[in-house]
Amino acid sequence: MATEITKEEIMAVYPKVAETMADALGCDVEDIKLDVSLIEGLDAESIDFLDMVFRLERAFKIKIPRGKIVENARGDLPEAEFEQKGIVTEKGLLQLKSYLSEIPDSRFKTPMKVADIPRLFTPETFCKLVIRAQREAAAAA
Amino acid sequence: MKLDPGLAGKRVVVTGGSRGIGRAIVEMLAGEGCDVTFFYRGNAEAAKEAVAAAGGNVTAEQLDVRDAAACAAAIERVMERGERIDILVNNAGIIRDNQLAALEDDDVTDVLDTNVGGVFNVTRAVVPYMIMQRAGRIINLSSVSASKGGRGQTNYAASKGAIEAFTRALAVELAPRNVLVNAVAPGVIETEMSQDVREMAGAEVKGRILLRRFGTPQDIACAVWFLASAYSSYVTGEILHVDGGFKME
């Protein structure tokens, strides 16, 4: 079981993540609040997510698997147990809530479409993504 | 009114730049003051000649576009030298003409891996930078074979049909970031690659070209120049046919 990501770890990467995300989204760094929804709050589109990942990779010198945030969220849960016909299962929702522990419960709608998962993402999600990638790089080294 | 093509100082990558159409593209863009890096597969002598002929700011690098990791590394090196890539010309391509029943496995895989796989490999390496730059031009070399059936060209035609579909789909993906994606579809051009066709059926083929002549590499370079320039800033997802009317016949 991976060690939980602490608030201190998140706050350590947040300023650089916020700056990088502001560049990708073309907004002010002050708009990148830790808990703002990237899609609903900052009008991010799918290409912006790619842009953010590319920029974070360069800024932190890490490798983030492209387009695999949802896959990572699934963890060890087989796809068939995580979702059925594009809808996240009950078991899947529990897994998702655990992976996206920064997102308040009220934002997880049921039934939840897999395609809607990115709507949950916030800058904190990306801070955690960076920390996980840093940990993986450190472990590999 | 005189428009500036806006090419001076642009950083360009051209695949398959040592000979034929690729070389003409390198020469034309270098002549406009672009900083050009071209890739060549194996003919170092031809590459050296192309660098010398182009003059200006031109770098040649050996690269097999079928090798995805090598493509990523080569693009990284281009970025290390200059921090941006404004224009990518996917020109590298091969032919292995034969009737379908006589094609060997390698005739199919070599053509598809180079003409389609190569475009994927190089473009995937370049696109993240263009997305971050919020600007870029990608120009793919298709062929009249994509839209006009020709005996002995199933492998080549399929590869170029794929490139045209790739061009349209990528244009949709990248439009929000002002990255324009277009293709040029040459007809029969006077290059080494088309030499066999021209020698075997030159008169017959020429008779089916409305303009009654083969194209020159410069004819194609001019079309690429247009799609790279500021003159085409409202053009994306297009296939520009430069074939003397061959497709019409």
# chains A, B, ... in the order shown; residues from 1 in each chain; ligands from 1
>>> closest_atom_pairs(of="chain B", to="chain A", cutoff="7 Å", atoms="only C-alpha atoms", output="tab-separated table")
residue	atom	partner	partner_atom	distance
B:Pro128	CA	A:Phe54	CA	6.4
B:Ile131	CA	A:Asp51	CA	6.3
B:Met132	CA	A:Asp51	CA	5.9
>>> residues_around(residues="region 232-240 of chain B", least_positions_apart="4", cutoff="8 Å", atoms="only C-alpha atoms", output="ChimeraX atom specification")
/B:164,167-172,175,180-185,223,226-228
>>> select_by_dssp(residues="region 165-247 of chain B", states="strand (DSSP E or B)", output="list in words")
Val179, Leu180, Val181, Asn182, Ala183, Val184, Ala185, Pro186, Ile189, Gly215, Ile239, Leu240, His241 and Val242 of chain B
>>> write_last_selection(atoms="N, CA, C and O atoms", output="PDB file, in the first residue's frame")
ATOM      1  N   VAL B 179      -2.695  25.142 -33.971  1.00  0.00           N
ATOM      2  CA  VAL B 179      -1.738  24.317 -34.716  1.00  0.00           C
ATOM      3  C   VAL B 179      -2.486  23.842 -35.965  1.00  0.00           C
ATOM      4  O   VAL B 179      -3.506  23.153 -35.862  1.00  0.00           O
ATOM      5  N   LEU B 180      -2.007  24.260 -37.126  1.00  0.00           N
ATOM      6  CA  LEU B 180      -2.701  23.971 -38.384  1.00  0.00           C
ATOM      7  C   LEU B 180      -2.083  22.726 -39.029  1.00  0.00           C
ATOM      8  O   LEU B 180      -0.861  22.591 -39.089  1.00  0.00           O
ATOM      9  N   VAL B 181      -2.944  21.841 -39.469  1.00  0.00           N
ATOM     10  CA  VAL B 181      -2.473  20.564 -40.022  1.00  0.00           C
ATOM     11  C   VAL B 181      -3.041  20.396 -41.427  1.00  0.00           C
ATOM     12  O   VAL B 181      -4.260  20.391 -41.610  1.00  0.00           O
ATOM     13  N   ASN B 182      -2.172  20.286 -42.385  1.00  0.00           N
ATOM     14  CA  ASN B 182      -2.593  20.150 -43.780  1.00  0.00           C
ATOM     15  C   ASN B 182      -1.702  19.136 -44.485  1.00  0.00           C
ATOM     16  O   ASN B 182      -0.683  18.695 -43.941  1.00  0.00           O
ATOM     17  N   ALA B 183      -2.105  18.784 -45.696  1.00  0.00           N
ATOM     18  CA  ALA B 183      -1.289  17.860 -46.488  1.00  0.00           C
ATOM     19  C   ALA B 183      -1.164  18.377 -47.916  1.00  0.00           C
ATOM     20  O   ALA B 183      -2.020  19.113 -48.399  1.00  0.00           O
ATOM     21  N   VAL B 184      -0.088  17.965 -48.541  1.00  0.00           N
ATOM     22  CA  VAL B 184       0.106  18.226 -49.970  1.00  0.00           C
ATOM     23  C   VAL B 184       0.095  16.867 -50.660  1.00  0.00           C
ATOM     24  O   VAL B 184       0.757  15.932 -50.200  1.00  0.00           O
ATOM     25  N   ALA B 185      -0.676  16.773 -51.734  1.00  0.00           N
ATOM     26  CA  ALA B 185      -0.761  15.502 -52.470  1.00  0.00           C
ATOM     27  C   ALA B 185      -0.145  15.673 -53.852  1.00  0.00           C
ATOM     28  O   ALA B 185      -0.822  16.120 -54.783  1.00  0.00           O
ATOM     29  N   PRO B 186       1.129  15.320 -53.983  1.00  0.00           N
ATOM     30  CA  PRO B 186       1.777  15.478 -55.290  1.00  0.00           C
ATOM     31  C   PRO B 186       1.297  14.425 -56.289  1.00  0.00           C
ATOM     32  O   PRO B 186       0.895  13.328 -55.912  1.00  0.00           O
ATOM     33  N   ILE B 189       6.063  13.273 -59.861  1.00  0.00           N
ATOM     34  CA  ILE B 189       7.097  14.309 -59.731  1.00  0.00           C
ATOM     35  C   ILE B 189       8.434  13.740 -60.204  1.00  0.00           C
ATOM     36  O   ILE B 189       8.721  12.557 -59.986  1.00  0.00           O
ATOM     37  N   GLY B 215       5.528  16.934 -62.611  1.00  0.00           N
ATOM     38  CA  GLY B 215       5.839  18.042 -61.720  1.00  0.00           C
ATOM     39  C   GLY B 215       7.314  18.036 -61.344  1.00  0.00           C
ATOM     40  O   GLY B 215       8.025  17.040 -61.542  1.00  0.00           O
ATOM     41  N   ILE B 239      -6.291  19.069 -47.975  1.00  0.00           N
ATOM     42  CA  ILE B 239      -5.362  18.306 -48.800  1.00  0.00           C
ATOM     43  C   ILE B 239      -5.177  19.129 -50.075  1.00  0.00           C
ATOM     44  O   ILE B 239      -6.134  19.322 -50.832  1.00  0.00           O
ATOM     45  N   LEU B 240      -3.995  19.637 -50.273  1.00  0.00           N
ATOM     46  CA  LEU B 240      -3.720  20.485 -51.447  1.00  0.00           C
ATOM     47  C   LEU B 240      -3.133  19.604 -52.550  1.00  0.00           C
ATOM     48  O   LEU B 240      -2.023  19.084 -52.425  1.00  0.00           O
ATOM     49  N   HIS B 241      -3.895  19.428 -53.610  1.00  0.00           N
ATOM     50  CA  HIS B 241      -3.450  18.570 -54.718  1.00  0.00           C
ATOM     51  C   HIS B 241      -2.568  19.366 -55.669  1.00  0.00           C
ATOM     52  O   HIS B 241      -2.980  20.400 -56.180  1.00  0.00           O
ATOM     53  N   VAL B 242      -1.361  18.867 -55.852  1.00  0.00           N
ATOM     54  CA  VAL B 242      -0.416  19.531 -56.763  1.00  0.00           C
ATOM     55  C   VAL B 242       0.025  18.469 -57.758  1.00  0.00           C
ATOM     56  O   VAL B 242       1.048  17.802 -57.595  1.00  0.00           O
TER      57      VAL B 242
END
>>> closest_residue(among="B:Ile95, B:Met248, B:Leu103, B:Leu88", to="Lys148 (chain B)", atoms="only C-alpha atoms")
B:Met248
>>> residues_around(residues="region 52-67 of chain B", least_positions_apart="6", cutoff="10 Å", atoms="only C-alpha atoms", output="PyMOL selection string")
chain B and resi 9+11-18+23-44+46+73-74+78+90+92-93+110+112-122
>>> atom_distance(atom1="CA of Ser142 (chain B)", atom2="CA of Tyr156 (chain B)")
9.8 Å
>>> closest_residue(among="B:Gly161, B:Gly136, B:Gly20, B:Gly207", to="Ser194 (chain B)", atoms="only C-alpha atoms")
B:Gly20
>>> select_by_dssp(residues="chain B", states="alpha helix (DSSP H)", output="PyMOL selection string")
chain B and resi 20-31+44-54+68-82+105-112+118-133+154-174+195-207+217-228
>>> closest_residue(among="B:Ile139, B:Glu199, B:Ala68, B:Gly244", to="Ala125 (chain B)", atoms="only C-alpha atoms")
B:Ala68
>>> residues_around(residues="Lys7 (chain A)", least_positions_apart="6", cutoff="12 Å", atoms="only C-alpha atoms", output="list in words")
Val13, Tyr14, Leu34, Ser101, Glu102, Glu124, Cys127, Lys128 and Ile131 of chain A
>>> residues_around(residues="Asp43 (chain A)", least_positions_apart="6", cutoff="12 Å", atoms="only C-alpha atoms", output="PDB file with N, CA and C atoms, in the first residue's frame")
ATOM      1  N   ALA A  24      -0.574  27.005 -18.880  1.00  0.00           N
ATOM      2  CA  ALA A  24      -1.302  26.132 -19.815  1.00  0.00           C
ATOM      3  C   ALA A  24      -2.707  26.653 -20.082  1.00  0.00           C
ATOM      4  N   LEU A  25      -3.333  27.191 -19.061  1.00  0.00           N
ATOM      5  CA  LEU A  25      -4.728  27.623 -19.203  1.00  0.00           C
ATOM      6  C   LEU A  25      -4.849  29.090 -19.615  1.00  0.00           C
ATOM      7  N   GLY A  26      -3.727  29.798 -19.598  1.00  0.00           N
ATOM      8  CA  GLY A  26      -3.752  31.211 -19.968  1.00  0.00           C
ATOM      9  C   GLY A  26      -4.544  32.043 -18.971  1.00  0.00           C
ATOM     10  N   CYS A  27      -4.440  31.701 -17.692  1.00  0.00           N
ATOM     11  CA  CYS A  27      -5.154  32.480 -16.669  1.00  0.00           C
ATOM     12  C   CYS A  27      -4.153  32.977 -15.623  1.00  0.00           C
ATOM     13  N   ASP A  31      -5.871  32.368  -9.895  1.00  0.00           N
ATOM     14  CA  ASP A  31      -7.111  31.619 -10.192  1.00  0.00           C
ATOM     15  C   ASP A  31      -6.956  30.130  -9.905  1.00  0.00           C
ATOM     16  N   ILE A  32      -5.711  29.688  -9.802  1.00  0.00           N
ATOM     17  CA  ILE A  32      -5.473  28.247  -9.621  1.00  0.00           C
ATOM     18  C   ILE A  32      -5.543  27.909  -8.134  1.00  0.00           C
ATOM     19  N   VAL A  36     -10.298  24.193  -6.969  1.00  0.00           N
ATOM     20  CA  VAL A  36     -11.221  24.612  -8.019  1.00  0.00           C
ATOM     21  C   VAL A  36     -11.340  23.503  -9.072  1.00  0.00           C
ATOM     22  N   SER A  37     -12.558  23.300  -9.587  1.00  0.00           N
ATOM     23  CA  SER A  37     -12.732  22.298 -10.647  1.00  0.00           C
ATOM     24  C   SER A  37     -12.119  22.853 -11.930  1.00  0.00           C
ATOM     25  N   PHE A  49      -5.654  19.606 -20.621  1.00  0.00           N
ATOM     26  CA  PHE A  49      -5.124  18.580 -19.717  1.00  0.00           C
ATOM     27  C   PHE A  49      -3.791  18.035 -20.242  1.00  0.00           C
ATOM     28  N   ARG A 119     -14.117  15.788 -14.803  1.00  0.00           N
ATOM     29  CA  ARG A 119     -14.811  16.963 -14.249  1.00  0.00           C
ATOM     30  C   ARG A 119     -14.492  17.157 -12.766  1.00  0.00           C
ATOM     31  N   PHE A 121     -11.497  16.710 -11.448  1.00  0.00           N
ATOM     32  CA  PHE A 121     -10.094  17.069 -11.216  1.00  0.00           C
ATOM     33  C   PHE A 121      -9.915  18.532 -10.787  1.00  0.00           C
ATOM     34  N   THR A 122      -8.989  18.709  -9.873  1.00  0.00           N
ATOM     35  CA  THR A 122      -8.642  20.041  -9.376  1.00  0.00           C
ATOM     36  C   THR A 122      -7.112  20.190  -9.433  1.00  0.00           C
TER      37      THR A 122
END
>>> atom_distance(atom1="CA of Glu190 (chain B)", atom2="CA of Thr216 (chain B)")
5.4 Å
>>> atom_distance(atom1="CA of Glu4 (chain A)", atom2="CA of Tyr99 (chain A)")
10.1 Å
>>> residues_around(residues="Lys109 (chain A)", least_positions_apart="2", cutoff="12 Å", atoms="only C-alpha atoms", output="PDB file with C-alpha atoms, in the first residue's frame")
ATOM      1  CA  ILE A  87     -20.857   3.916 -15.680  1.00  0.00           C
ATOM      2  CA  VAL A  88     -18.643   3.664 -12.590  1.00  0.00           C
ATOM      3  CA  THR A  89     -19.749   0.758 -10.373  1.00  0.00           C
ATOM      4  CA  GLU A  90     -20.311   1.080  -6.649  1.00  0.00           C
ATOM      5  CA  LEU A  93     -16.809   4.759  -6.920  1.00  0.00           C
ATOM      6  CA  LEU A  96     -12.271   6.640  -7.094  1.00  0.00           C
ATOM      7  CA  LYS A  97     -13.117   8.431  -3.862  1.00  0.00           C
ATOM      8  CA  ILE A 103     -12.510  15.907  -3.734  1.00  0.00           C
ATOM      9  CA  PRO A 104     -15.473  16.446  -1.385  1.00  0.00           C
ATOM     10  CA  ASP A 105     -18.042  13.649  -1.337  1.00  0.00           C
ATOM     11  CA  SER A 106     -20.774  15.962  -2.588  1.00  0.00           C
ATOM     12  CA  ARG A 107     -19.049  16.263  -5.987  1.00  0.00           C
ATOM     13  CA  PRO A 111     -24.592   7.329 -11.446  1.00  0.00           C
ATOM     14  CA  MET A 112     -21.202   8.628 -12.537  1.00  0.00           C
ATOM     15  CA  LYS A 113     -20.093   8.289 -16.156  1.00  0.00           C
ATOM     16  CA  VAL A 114     -16.424   7.388 -16.701  1.00  0.00           C
ATOM     17  CA  ASP A 116     -17.254  12.653 -16.433  1.00  0.00           C
ATOM     18  CA  ILE A 117     -14.399  11.691 -14.088  1.00  0.00           C
ATOM     19  CA  ARG A 119     -14.811  16.963 -14.249  1.00  0.00           C
ATOM     20  CA  LEU A 120     -13.740  16.143 -10.693  1.00  0.00           C
TER      21      LEU A 120
END
>>> closest_residue(among="B:Ala165, B:Ala72, B:Leu141, B:Ala230", to="Gly187 (chain B)", atoms="only C-alpha atoms")
B:Leu141
>>> decode(residues="region 29-43 of chain A", atoms="all heavy atoms", output="short mmCIF file (atom, residue, chain, number, x, y, z; two decimals), in the first residue's frame")
data_model
loop_
_atom_site.label_atom_id
_atom_site.label_comp_id
_atom_site.auth_asym_id
_atom_site.auth_seq_id
_atom_site.Cartn_x
_atom_site.Cartn_y
_atom_site.Cartn_z
N VAL A 29 -2.27 33.13 -12.05
CA VAL A 29 -1.89 32.08 -11.10
C VAL A 29 -2.81 32.10 -9.87
O VAL A 29 -3.08 31.05 -9.27
CB VAL A 29 -0.38 32.18 -10.75
CG1 VAL A 29 -0.09 33.40 -9.90
CG2 VAL A 29 0.14 30.92 -10.10
N GLU A 30 -3.34 33.28 -9.56
CA GLU A 30 -4.24 33.38 -8.39
C GLU A 30 -5.54 32.61 -8.62
O GLU A 30 -6.23 32.24 -7.66
CB GLU A 30 -4.60 34.86 -8.09
CG GLU A 30 -3.46 35.72 -7.60
CD GLU A 30 -2.51 36.14 -8.72
OE1 GLU A 30 -2.96 36.27 -9.89
OE2 GLU A 30 -1.30 36.32 -8.44
N ASP A 31 -5.87 32.37 -9.90
CA ASP A 31 -7.11 31.62 -10.19
C ASP A 31 -6.96 30.13 -9.90
O ASP A 31 -7.94 29.40 -9.83
CB ASP A 31 -7.51 31.79 -11.67
CG ASP A 31 -7.87 33.23 -11.99
OD1 ASP A 31 -8.28 33.94 -11.05
OD2 ASP A 31 -7.74 33.63 -13.15
N ILE A 32 -5.71 29.69 -9.80
CA ILE A 32 -5.47 28.25 -9.62
C ILE A 32 -5.54 27.91 -8.13
O ILE A 32 -4.54 27.67 -7.46
CB ILE A 32 -4.09 27.81 -10.22
CG1 ILE A 32 -3.91 28.34 -11.64
CG2 ILE A 32 -3.94 26.29 -10.17
CD1 ILE A 32 -4.77 27.70 -12.69
N LYS A 33 -6.77 27.95 -7.62
CA LYS A 33 -6.97 27.54 -6.22
C LYS A 33 -6.84 26.02 -6.16
O LYS A 33 -7.15 25.32 -7.11
CB LYS A 33 -8.39 27.92 -5.76
CG LYS A 33 -8.72 29.39 -6.00
CD LYS A 33 -8.37 30.23 -4.81
CE LYS A 33 -8.84 31.66 -4.97
NZ LYS A 33 -7.77 32.59 -5.37
N LEU A 34 -6.42 25.55 -5.02
CA LEU A 34 -6.15 24.13 -4.86
C LEU A 34 -7.38 23.26 -5.15
O LEU A 34 -7.28 22.17 -5.68
CB LEU A 34 -5.66 23.89 -3.42
CG LEU A 34 -4.70 22.74 -3.17
CD1 LEU A 34 -3.55 22.71 -4.14
CD2 LEU A 34 -4.20 22.80 -1.73
N ASP A 35 -8.58 23.80 -4.84
CA ASP A 35 -9.78 22.95 -4.93
C ASP A 35 -10.75 23.35 -6.04
O ASP A 35 -11.88 22.89 -6.07
CB ASP A 35 -10.51 22.96 -3.59
CG ASP A 35 -10.95 24.37 -3.20
OD1 ASP A 35 -10.54 25.33 -3.89
OD2 ASP A 35 -11.70 24.51 -2.22
N VAL A 36 -10.30 24.19 -6.97
CA VAL A 36 -11.22 24.61 -8.02
C VAL A 36 -11.34 23.50 -9.07
O VAL A 36 -10.36 22.83 -9.39
CB VAL A 36 -10.75 25.95 -8.66
CG1 VAL A 36 -9.43 25.79 -9.40
CG2 VAL A 36 -11.80 26.50 -9.62
N SER A 37 -12.56 23.30 -9.59
CA SER A 37 -12.73 22.30 -10.65
C SER A 37 -12.12 22.85 -11.93
O SER A 37 -12.43 23.97 -12.35
CB SER A 37 -14.21 22.02 -10.87
OG SER A 37 -14.39 21.45 -12.15
N LEU A 38 -11.25 22.06 -12.54
CA LEU A 38 -10.55 22.57 -13.72
C LEU A 38 -11.50 22.79 -14.89
O LEU A 38 -11.36 23.75 -15.64
CB LEU A 38 -9.43 21.60 -14.13
CG LEU A 38 -8.28 21.54 -13.13
CD1 LEU A 38 -7.36 20.38 -13.43
CD2 LEU A 38 -7.49 22.84 -13.16
N ILE A 39 -12.46 21.90 -15.04
CA ILE A 39 -13.39 22.02 -16.17
C ILE A 39 -14.48 23.06 -15.88
O ILE A 39 -14.70 23.98 -16.66
CB ILE A 39 -14.00 20.65 -16.53
CG1 ILE A 39 -12.89 19.74 -17.11
CG2 ILE A 39 -15.15 20.79 -17.52
CD1 ILE A 39 -13.32 18.35 -17.48
N GLU A 40 -15.14 22.87 -14.75
CA GLU A 40 -16.26 23.77 -14.46
C GLU A 40 -15.80 25.14 -13.97
O GLU A 40 -16.43 26.16 -14.26
CB GLU A 40 -17.22 23.13 -13.46
CG GLU A 40 -18.14 22.12 -14.14
CD GLU A 40 -18.38 20.89 -13.30
OE1 GLU A 40 -18.25 20.98 -12.06
OE2 GLU A 40 -18.69 19.83 -13.89
N GLY A 41 -14.70 25.18 -13.24
CA GLY A 41 -14.25 26.45 -12.67
C GLY A 41 -13.30 27.22 -13.55
O GLY A 41 -13.26 28.45 -13.52
N LEU A 42 -12.50 26.50 -14.35
CA LEU A 42 -11.47 27.19 -15.14
C LEU A 42 -11.61 26.93 -16.65
O LEU A 42 -10.72 27.28 -17.43
CB LEU A 42 -10.08 26.76 -14.66
CG LEU A 42 -9.71 27.18 -13.24
CD1 LEU A 42 -8.40 26.53 -12.81
CD2 LEU A 42 -9.58 28.70 -13.13
N ASP A 43 -12.72 26.34 -17.03
CA ASP A 43 -13.02 26.09 -18.46
C ASP A 43 -11.94 25.28 -19.18
O ASP A 43 -11.70 25.48 -20.38
CB ASP A 43 -13.23 27.42 -19.22
CG ASP A 43 -14.44 28.17 -18.71
OD1 ASP A 43 -15.39 27.50 -18.27
OD2 ASP A 43 -14.43 29.41 -18.74
#
